[in-house]
Structure formats: structure tokens, C-alpha cells
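Single-structure report; data block below.
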Amino acid sequence: MSLRSISLPTKRDRRVLASVLAGALCALVPCQLPAVDAVELSVGDIHGPSWSASGISARLEIGPDGRSQAHVTVRRARFPEPLGELRSLDIVCSAPIVRTDVVSCRAARITARHAQFGRLQLVASAQFDRLHQTLAVSAKGLKIAGGTWRIQAHWREAGWQIDASADRLAIAELRKFLAPWVAVPSGIDMNGTLSPRISVTGGTAVEQITVAANVEALTLNNTDGTLATDKLAMTINAALTSVKSGYSIESRVKLTGGQAYRDPVFVDLARGPADFELSGEWQSAARTLAVSHYAIDQPGILRASGDGVLAPLDDTIFRALRVKLEHATFPGLYSIYLQPFLLETALKDLATKGSLRGSAEVRDGSPVALDIELASIDLDDAAGHVAMHGLGGRIVWRSDAASTEPSHIAWNDGQAYGFSGGAAQIKFLAAGRGVRMLEATDLPIFDGGLAIAAFEVRDAGTPTMSLLFDATLEPISMRRVCNALGWPEFSGTVAGRVPRMTFKDKILSFDGDLEARVFDGRMIVSKLRLEDPLGVWPRLSANVDLEQLDLQAVTGTFSFGEITGRLSGYIHNLELFAWRPIAFDAVLATPPGDRSEHRISQRAVSNISAIGGGSSGSTTAALSSGFLRFFENFKYDRLGLACKLENDVCTMRGIGPARSGYYIVKGRGIPRIDVIGSAGRIDWPQLVANLKAATSAGPPTTKPGS
């Protein structure tokens with residue numbers, strides 16, 4: 001029997017090749033022809049809207065013992081992608097059951113060749129119910145992508161369903177298998193195992209796809225080292241349902257173990273597992289994903305949710321995105337998501353606690369709104385440089401200045417590089433690229449403070465960024481300032497006016513001079529410039545001029561010894577690197593025309609001699625022997641000392657040349673005592689040690705430089 005061509009109506013497309021062959025066999029073979037040994041059927045081609053087959057032949061053999069065997073061959077069969085075209089399809093069924101109502105085979109051996117998959121071989125059972133027009137197929141042993149698959153398929157008048165599963169597929173092999181349809185960026189290595197369960201249902205087209213999979217020991221590595229995972233474990237559940245505009249999507253991914261790194265963020269999922277959920281719709285015409293809801297949950301660290309519109313194939317991925325941060329908890333939030341971005345700053349190693357929550361919105365790839373509430377946040381730098389406790393408040397930012405709301409933050413206490421203060425509050429307005437303080441505020445610093453009258457930042461993050469800062473420094477104990485900076489202690493207070501500041505390209509500079517009243521005199525700081533103030537290696541440069549300081553106030557609270565009179569001078573070309581002096585040119589001396597009383601104690605004479613490189617031993621001996629020991633202090637005409645620091649060495653000089661060096665103290669009256677320096681160069685660390693020793697109970701020692 002031979003049929004040249006069969007074209008099936010659309011509504012019968014689900015009656016696949018098995019139904020045609022079975023029907024033909026059932027029509028020819030049953031009881032009407034019991035003496036026939038074999039029946040052959042040839043069909044030119046069979047085709048429907050979504051599939052076709054050609055070169056079909058079927059043969060049913062019946063042995064003397066009544067046992068039968070069916071053999072079906074198909075030269076070429078075409079199916080929708082990803083199955084594509086099969087060639088040399090060969091089906092052998094031993095002992096088929098052929099009745100008027102049912103045609104079935106329990107263990108058919110099937111082989112075929114595929115251009116992409118190579119030779120396919122499996123064992124399948126099938127049953128065709130002619131009465132209800134249904135076909136059920138069960139297959140096992142199909143080897144694809146380095147794994148063995150199990151397949152269940154059902155066709156009926158109302159539609160069809162195919163279920164497939166496999167255990168521990170090698171992901172590297174699966175990647176090769178999917179390469180024609182799924183593009184993975186080059187330069188990424190993938191390993192691990194995947195155990196998928198896939199279900200596909202449809203009618204004339206695919207209607208729904210559901211996927212459930214377990215991933216184990218997943219490793220991803222790219223060539224530039226910015227992406228890496230180690231033994232990543234996850235479960236995936238997803239469903240795609242055909243809708244008028246495209247596909248609706250329901251998915252959930254649970255990351256349960258392993259480690260992941262995406263420069264610069266590192267996550268240990270064994271300690272902080274994460275759960276991702278997404279519901280939405282892929283809109284085929286617009287090529288966008290309309291996300292109706294998503295949620296990210298990392299217990300004990302953060303939970304966020306929201307909605308949005310994504311265009312993953314465009315340059316601007318986030319057409320719209322809304323984020324509701326339901327909670328974020330320290331220290332996990334800091335150690336995982338914030339610390340990696342702060343490694344080059346002074347905030348690189350903080351002990352943290354507290355929480356925050358809020359919301360954010362993005363439109364056309366740019367942020368347009370931010371609203372964050374801070375609750376009882378504590379920050380403590382491991383190095384002791386920075387700390388803040390009880391930080392709270394609300395920060396509101398809008399891209400449109402007309403729609404923003406006032407913000408405020410407050411804290412209980414804080415410190416930065418040795419400077420500490422108490423409770424304070426700041427109210428401000430943040431919009432676009434600017435921040436403006438709404439009202440004057442006082443920031444406590446030690447026993448004084450900084451009274452800020454105005455603060456404003458414009459064009460932040462642009463070359464035209466500017467900063468306005470207007471403040472008054474209220475009197476602060478100089479002793480506490482010196483302790484904070486690691487300087488020898490001085491008495492008195494510091495106060496003054498802070499000029500307008502600008503900050504650009506990580507450089508903080510002052511448009512005017514910083515003036516302060518200190519030690520009953522005046523200090524003027526000019527050309528002040530601070531590079532990378534929040535970085536690990538800040539650099540400061542400035543000129544400092546001192547006018548008419550009261551020496552008794554400077555020395556009165558130390559064991560250095562008492563000196564009366566006035567002191568003027570300068571520290572020009574000052575450079576600090578990481579807050580350590582590396583260069584300056586300093587001169588401190590009695591100002592010309594000073595008519596105040598000039599007296600100096602025995603201890604001050606001895607200490608000045610040691611600090612300035614004089615012969616401290618001979619000076620001390622002279623003061624402790626002879627009639628000089630009866631005098632507690634002496635008159636002097638002038639005093640002064642200069643140091644030019646370069647390459648960690650100070651080049652020393654005094655107020656004038658002397659026979660064996662230079663005058664540091666030039667005496668006057670009877671008894672007269674002169675302090676003469678002899679060391680032209682002194683190592684800077686030694687000079688600092690001398691200064692510290694001079695302010696302690698014991699006398700200092702001097703080690704002249706080369």
C-alpha cells in the first residue's frame with residue numbers, strides 16, 4: 001500500500017505520525033487478514049502547520065508463533081526549534097499491540113541523527129487511544145548535553161504536554177548544547193552541575209513552560225577577574241505563560257550556599273542565603289520586561305521589593321524602577337554591600353550596628369528620588385580615627401528641586417581624627433546636584449564648637465562643583481587640640497573665623513585666610529589646601545603666620561619651664577602627608593620692638609638648648625654650679641629658633657650668628673646667660689622626641705644630625 005502525500009487540517013495537527021501509522025495498520029492487519037506474514041505501508045510525506053515528515057515507511061511482521069514486530073522509518077522529520085530536523089529516524093517495536101481502540105508499544109527502540117545533537121538513541125513506550133484521539137509517550141536513555149534524560153509526553157485534542165528531567169548535568173556540556181540558542185559572553189568559564197525538570201504545554205503553539213532546577217558547585221570565572229563564584233548552590237523555579245502581548249513570567253531563585261564575587265562585592269551565601277522573586281510580563285513588540293513585583297530577601301541583612309520596566313536589549317536597561325527597602329540591618333549591610341566601595345577611604349574598617357529603610361526611584365536609567373530613614377546607627381573605626389553613635393534621621397533627595405522635602409540627621413556623639421563632640425542636628429535640603437543647609441547649627445568640638453552659619457554644595461560631581469561654607473570657631477581648649485593632633489601641649493584656646501571653602505577634584509581649598517585668636521595673639525592660616533581629605537593618604541599644604549603670642553601662656557602649663565614675652569613667626573610651605581609633616585620652613589622669634597618683660601627660667605634655658613641643638617650638658621652644668629644656681633630665672637634680650645624641614649632632616653638656625661654656632665637665646669643684664677646652638681642639622685624624629693621630652697618631667701637629650 002502506498003500513499004503519496006497527506007496534509008492534515010490544523011485542528012488535527014496534534015495527531016502525530018503515530019496516529020496515522022496506527023490507523024493504517026489497524027485498518028489492514030486485524031482479523032480480516034490472519035494469514036498475512038507482513039504488511040508494508042509507504043507514505044510520501046505528512047505535514048501540518050508546525051511539523052512535517054517525509055520518506056515514511058512502516059512494516060508489520062507476524063511470526064509463525066503469532067508474535068509481531070513493527071518497524072517504522074522516516075527519512076526526514078522537521079519540528080519547531082529547538083528540536084529542529086531529524087534524519088534517519090528508525091523505530092522498532094517488538095510485540096506491538098494493535099486493536100481497533102488502542103495501538104501501543106511498551107519498549108520501542110528509537111534512533112535518529114540530528115545536525116546539532118549528533119546520534120540520538122533511546123527506549124520509549126507509547127500508547128495511542130483511537131477512541132479519544134490521545135497519545136502518551138514515555139522515553140528514557142536519551143543522552144543530551146552530557147546527561148541522560150527522562151521524557152513524558154501526552155497529546156490530546158485539547159493540547160499537548162511534554163515533561164523532561166535529568167540529574168546532575170555538567171553545566172559546561174550544557175553550555176555547548178545551548179550555544180546555538182543561548183549566547184553566553186565569551187571569556188567566562190562555567191562549571192558545576194544542573195538537575196532540571198522542565199514541563200512544556202501547548203496547542204497549536206507553546207502555551208506554558210515551567211522549569212524547576214537544582215544547581216550545585218557552580219563556578220563562574222571571567223578573564224579580567226571581576227566575576228567569580230565558588231561552589232555556588234541554588235534552586236530555580238520559573239514559569240512562562242503565553243499571553244497576547246508575549247509571555248507572563250513567575251520566577252524564584254534561592255541562593256543557598258557557596259560564595260560569589262562581583263567586583264567589588266563579595267557574598268558568602270553559606271552565612272547569608274538570598275531569595276529572589278519576580279513576576280512580570282515580557283512584551284515582545286516593545287522588547288521590554290514589565291515587572292509587576294520583585295522581592296529580594298537576605299535574612300538578617302536586607303529585604304527589598306518593588307516594580308519597574310526593564311529593556312535588557314537596550315543601552316538603557318532601567319526604563320523605570322521603584323525600590324522599597326523594607327529593612328537593611330548592620331553590620332551585614334556594611335560588610336557585604338558598603339565596605340567594598342570604601343576600601344580606599346577612612347571608612348574602610350568599621351564596626352557597625354543599627355538599621356535603615358527607605359525607597360528609591362529610577363527613570364530612563366537615572367535616579368530621580370531617594371528617601372532613607374536611619375535608626376540608631378553606630379559607626380566605630382577599628383583604627384580609632386572615626387566614630388559616630390546614635391545616628392538617626394531622614395534623608396530625602398529629588399532630582400527636581402520643586403518636589404523635594406526637608407531632610408534632617410542627628411547623632412549623640414562623634415569623633416574624627418582625635419576631635420570629638422557631643423550631640424548635634426543638621427537640617428538641610430537635597431535636590432539635583434546640590435545640598436543646602438536650612439538653618440544655622442552648632443557642632444560641638446571638645447569644650448567649644450563650630451557655629452555653622454551657611455553650608456551649600458552646587459553641581460556636585462561635575463567640574464563646576466562649588467562649596468560654600470561660612471562658620472565661626474568658638475573657643476576650644478588648645479591642650480585638647482594638641483592632644484588630638486599629637487602635638488606637644490599648649491595652653492590657651494583657639495577661636496576664629498572660617499573663610500569660604502571650595503571642594504573640587506577631591507581637593508579642599510579656602511578662598512581666604514583662616515584667622516584665630518590663640519595665646520592672646522593671632523594665628524593666620526593662608527593657602528590652605530587639603531587633597532583627598534577622606535582618603536587613606538590625605539595631603540595638606542598651608543602657610544601659617546603667628547603674631548604676638550604670649551609666651552607665658554604658651555609655656556605656663558608645661559614642665560618645659562616658664563618664659564615671658566611675646567613670640568611671632570611663621571611656618572611657611574607646610575606639607576603634611578597622612579597628617580605627618582614632610583616639609584616646612586619655620587621661624588619663631590621675639591618680634592622687633594617688643595617691650596614686654598623678657599624673662600626665662602633655668603629649666604626653659606636647659607630645654608631650649610637641647611631642642612635647638614645646643615650643648616645641653618654644659619648649659620645644665622653651668623646652671624647648677626657657681627652663683628648661677630641661685631637664680632631661678634634670667635633676663636634675655638631676644639630669643640628665636642628656625643627649622644627648615646626637608647627629607648626628614650631639620651636645618652637649624654637662630655636669631656643671629658655666634659662664635660661657635662648661632663644664638664637661640666641672647667641674654668641681657670647680670671647675670672647674663674646665652675643659649676647657643678651648635679647643630680646645623682637634626683633628624684626630625686629626634687627633634688620631635690626632644691620636644692616631647694621638654695614637656696615631660698625629665699630633661700631631654702639631643703642627637704645632632706650629620
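Scheme for the C-alpha cells: letters A, B, ... for chains in order shown; per-chain residue numbers from 1; ligand numbers from 1 in order shown.
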
Please provide the set of residues having any atom within 10 Å of range 339-354 of chain A, restricted to only C-alpha atoms, with same-chain residues fewer than 6 positions apart removed, written as a ChimeraX atom specification.
/A:263-266,328-333,374-392,416-417,532-538

Would you output that residue set with N, CA and C atoms, as a compact mmCIF listing (two decimals), in the first residue's frame?
```txt
# COMPACT_ATOMS: atom_id res chain seq x y z
N ASP A 263 32.98 42.20 41.33
CA ASP A 263 33.78 43.35 41.73
C ASP A 263 32.94 44.59 42.00
N PRO A 264 33.00 45.16 43.25
CA PRO A 264 33.89 44.75 44.35
C PRO A 264 33.18 43.99 45.47
N VAL A 265 31.95 43.51 45.23
CA VAL A 265 31.14 42.93 46.29
C VAL A 265 31.40 41.43 46.41
N PHE A 266 31.62 40.96 47.65
CA PHE A 266 31.83 39.54 47.94
C PHE A 266 30.73 39.08 48.89
N ALA A 328 17.11 47.17 56.23
CA ALA A 328 18.51 46.82 55.99
C ALA A 328 19.21 46.94 57.33
N THR A 329 19.92 45.90 57.72
CA THR A 329 20.46 45.81 59.07
C THR A 329 21.98 45.75 59.04
N PHE A 330 22.58 46.55 59.93
CA PHE A 330 24.02 46.48 60.14
C PHE A 330 24.31 45.40 61.19
N PRO A 331 25.48 44.75 61.15
CA PRO A 331 26.66 45.06 60.33
C PRO A 331 26.67 44.42 58.95
N GLY A 332 25.70 43.50 58.66
CA GLY A 332 25.72 42.80 57.39
C GLY A 332 25.66 43.72 56.19
N LEU A 333 24.83 44.75 56.26
CA LEU A 333 24.71 45.69 55.14
C LEU A 333 26.04 46.36 54.85
N LEU A 374 17.18 56.57 58.87
CA LEU A 374 18.25 55.98 59.65
C LEU A 374 17.78 55.76 61.08
N ALA A 375 18.14 54.62 61.68
CA ALA A 375 17.69 54.31 63.03
C ALA A 375 18.84 53.78 63.87
N SER A 376 19.25 54.57 64.88
CA SER A 376 20.20 54.13 65.91
C SER A 376 21.45 53.48 65.34
N ILE A 377 22.09 54.16 64.41
CA ILE A 377 23.28 53.62 63.75
C ILE A 377 24.53 54.04 64.50
N ASP A 378 25.39 53.08 64.79
CA ASP A 378 26.70 53.33 65.41
C ASP A 378 27.80 52.94 64.42
N LEU A 379 28.82 53.79 64.32
CA LEU A 379 29.97 53.54 63.46
C LEU A 379 31.24 53.73 64.28
N ASP A 380 32.10 52.73 64.30
CA ASP A 380 33.36 52.82 65.04
C ASP A 380 34.49 52.29 64.18
N ASP A 381 35.43 53.16 63.86
CA ASP A 381 36.60 52.78 63.06
C ASP A 381 37.55 51.95 63.91
N ALA A 382 38.02 50.83 63.35
CA ALA A 382 38.93 49.95 64.10
C ALA A 382 40.22 50.65 64.47
N ALA A 383 40.64 51.62 63.66
CA ALA A 383 41.87 52.36 63.94
C ALA A 383 41.65 53.51 64.92
N GLY A 384 40.40 53.75 65.31
CA GLY A 384 40.11 54.81 66.26
C GLY A 384 40.07 56.19 65.66
N HIS A 385 40.06 56.31 64.33
CA HIS A 385 40.06 57.63 63.70
C HIS A 385 38.66 58.25 63.65
N VAL A 386 37.65 57.44 63.38
CA VAL A 386 36.31 57.95 63.13
C VAL A 386 35.31 57.16 63.95
N ALA A 387 34.33 57.85 64.53
CA ALA A 387 33.25 57.19 65.26
C ALA A 387 32.03 58.10 65.28
N MET A 388 30.86 57.49 65.31
CA MET A 388 29.61 58.23 65.47
C MET A 388 28.60 57.27 66.09
N HIS A 389 27.82 57.79 67.04
CA HIS A 389 26.89 56.95 67.78
C HIS A 389 25.51 57.58 67.80
N GLY A 390 24.50 56.71 67.71
CA GLY A 390 23.12 57.18 67.77
C GLY A 390 22.70 57.97 66.55
N LEU A 391 23.27 57.67 65.39
CA LEU A 391 22.93 58.40 64.18
C LEU A 391 21.53 58.03 63.72
N GLY A 392 20.71 59.03 63.48
CA GLY A 392 19.34 58.80 63.03
C GLY A 392 18.85 59.97 62.20
N ALA A 416 36.42 62.43 64.99
CA ALA A 416 37.15 62.27 63.74
C ALA A 416 38.58 62.70 63.96
N TYR A 417 39.51 61.74 63.82
CA TYR A 417 40.95 62.00 63.94
C TYR A 417 41.29 62.74 65.25
N ASP A 532 42.26 64.92 48.99
CA ASP A 532 41.71 63.63 49.38
C ASP A 532 41.51 63.55 50.90
N PRO A 533 40.71 64.45 51.48
CA PRO A 533 40.59 64.50 52.94
C PRO A 533 40.01 63.24 53.57
N LEU A 534 39.20 62.46 52.83
CA LEU A 534 38.62 61.25 53.38
C LEU A 534 39.35 60.00 52.92
N GLY A 535 40.44 60.17 52.21
CA GLY A 535 41.19 59.03 51.72
C GLY A 535 42.17 58.51 52.75
N VAL A 536 42.87 57.46 52.35
CA VAL A 536 43.85 56.85 53.26
C VAL A 536 45.10 57.71 53.37
N TRP A 537 45.45 58.45 52.31
CA TRP A 537 46.67 59.25 52.31
C TRP A 537 46.33 60.73 52.03
N PRO A 538 45.69 61.42 52.97
CA PRO A 538 45.41 62.85 52.75
C PRO A 538 46.70 63.67 52.75
```

Selection near Pro406 in chain A, 10 Å with only C-alpha atoms, sequence-local residues under 2 positions removed, as a PyMOL selection string:
chain A and resi 394-397+404+408+427-431+436-438

Quick one: everything within 7 Å of range 192-202 of chain A, counting only C-alpha atoms, minus sequence neighbours fewer than 3 positions away in the same chain. Send it as a ChimeraX atom specification.
/A:159-171,205-219

Residues near Ile600 in chain A, anyone? I mean within 9 Å using only C-alpha atoms, not counting same-chain ones fewer than 5 positions away, as a compact mmCIF listing (two decimals) with N, CA and C atoms, in the first residue's frame.
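Output contents, as saved in out.txt:
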```txt
# COMPACT_ATOMS: atom_id res chain seq x y z
N GLY A 561 59.26 74.82 81.42
CA GLY A 561 59.88 75.98 82.04
C GLY A 561 59.16 77.24 81.59
N GLU A 562 59.22 78.29 82.40
CA GLU A 562 58.45 79.49 82.12
C GLU A 562 59.27 80.49 81.31
N ILE A 563 58.62 81.10 80.32
CA ILE A 563 59.20 82.18 79.52
C ILE A 563 58.15 83.27 79.42
N THR A 564 58.55 84.50 79.64
CA THR A 564 57.65 85.63 79.43
C THR A 564 58.11 86.40 78.21
N VAL A 605 65.77 77.38 79.87
CA VAL A 605 67.07 77.52 79.23
C VAL A 605 67.63 76.16 78.85
N GLU A 632 66.56 81.67 89.72
CA GLU A 632 65.53 80.83 89.12
C GLU A 632 65.23 81.24 87.70
N ASN A 633 65.42 82.51 87.38
CA ASN A 633 65.18 82.95 86.01
C ASN A 633 66.14 84.07 85.66
N PHE A 634 66.19 84.33 84.35
CA PHE A 634 67.14 85.31 83.84
C PHE A 634 66.43 86.22 82.83
N LYS A 635 67.03 87.41 82.66
CA LYS A 635 66.53 88.30 81.63
C LYS A 635 67.16 87.91 80.29
N TYR A 636 66.43 88.19 79.23
CA TYR A 636 67.01 87.96 77.91
C TYR A 636 66.63 89.12 76.99
```

Surrounding residues of Ile56 in chain A excluding itself and chain neighbours under 2 positions, 9 Å, only C-alpha atoms, as JSON, numbers by chain:
{"A": [41, 42, 43, 44, 45, 46, 53, 54, 58, 72, 73, 74, 75, 76]}

Report as a Markdown table: every residue of range 179-275 of chain A with an atom at most 9 Å from range 293-299 of chain A, its closest pair of atoms, and their distance in Å to one decimal, counting only C-alpha atoms, with rows sorted by chain and ascending residue number.
```
| residue | atom | partner | partner_atom | distance |
| --- | --- | --- | --- | --- |
| A:Gly272 | CA | A:Gln298 | CA | 6.3 |
| A:Pro273 | CA | A:Gln298 | CA | 6.0 |
| A:Ala274 | CA | A:Gln298 | CA | 4.5 |
| A:Asp275 | CA | A:Asp297 | CA | 5.0 |
```

What lies within 7 Å of Gly141 in chain A using only C-alpha atoms, ignoring chain neighbours under 6 positions off, as a ChimeraX atom specification?
/A:122-123,148-150

Range 453-461 of chain A environment, 10 Å, only C-alpha atoms, sequence neighbours closer than 4 positions dropped, as a PyMOL selection string
chain A and resi 428-442+465-472+500-505
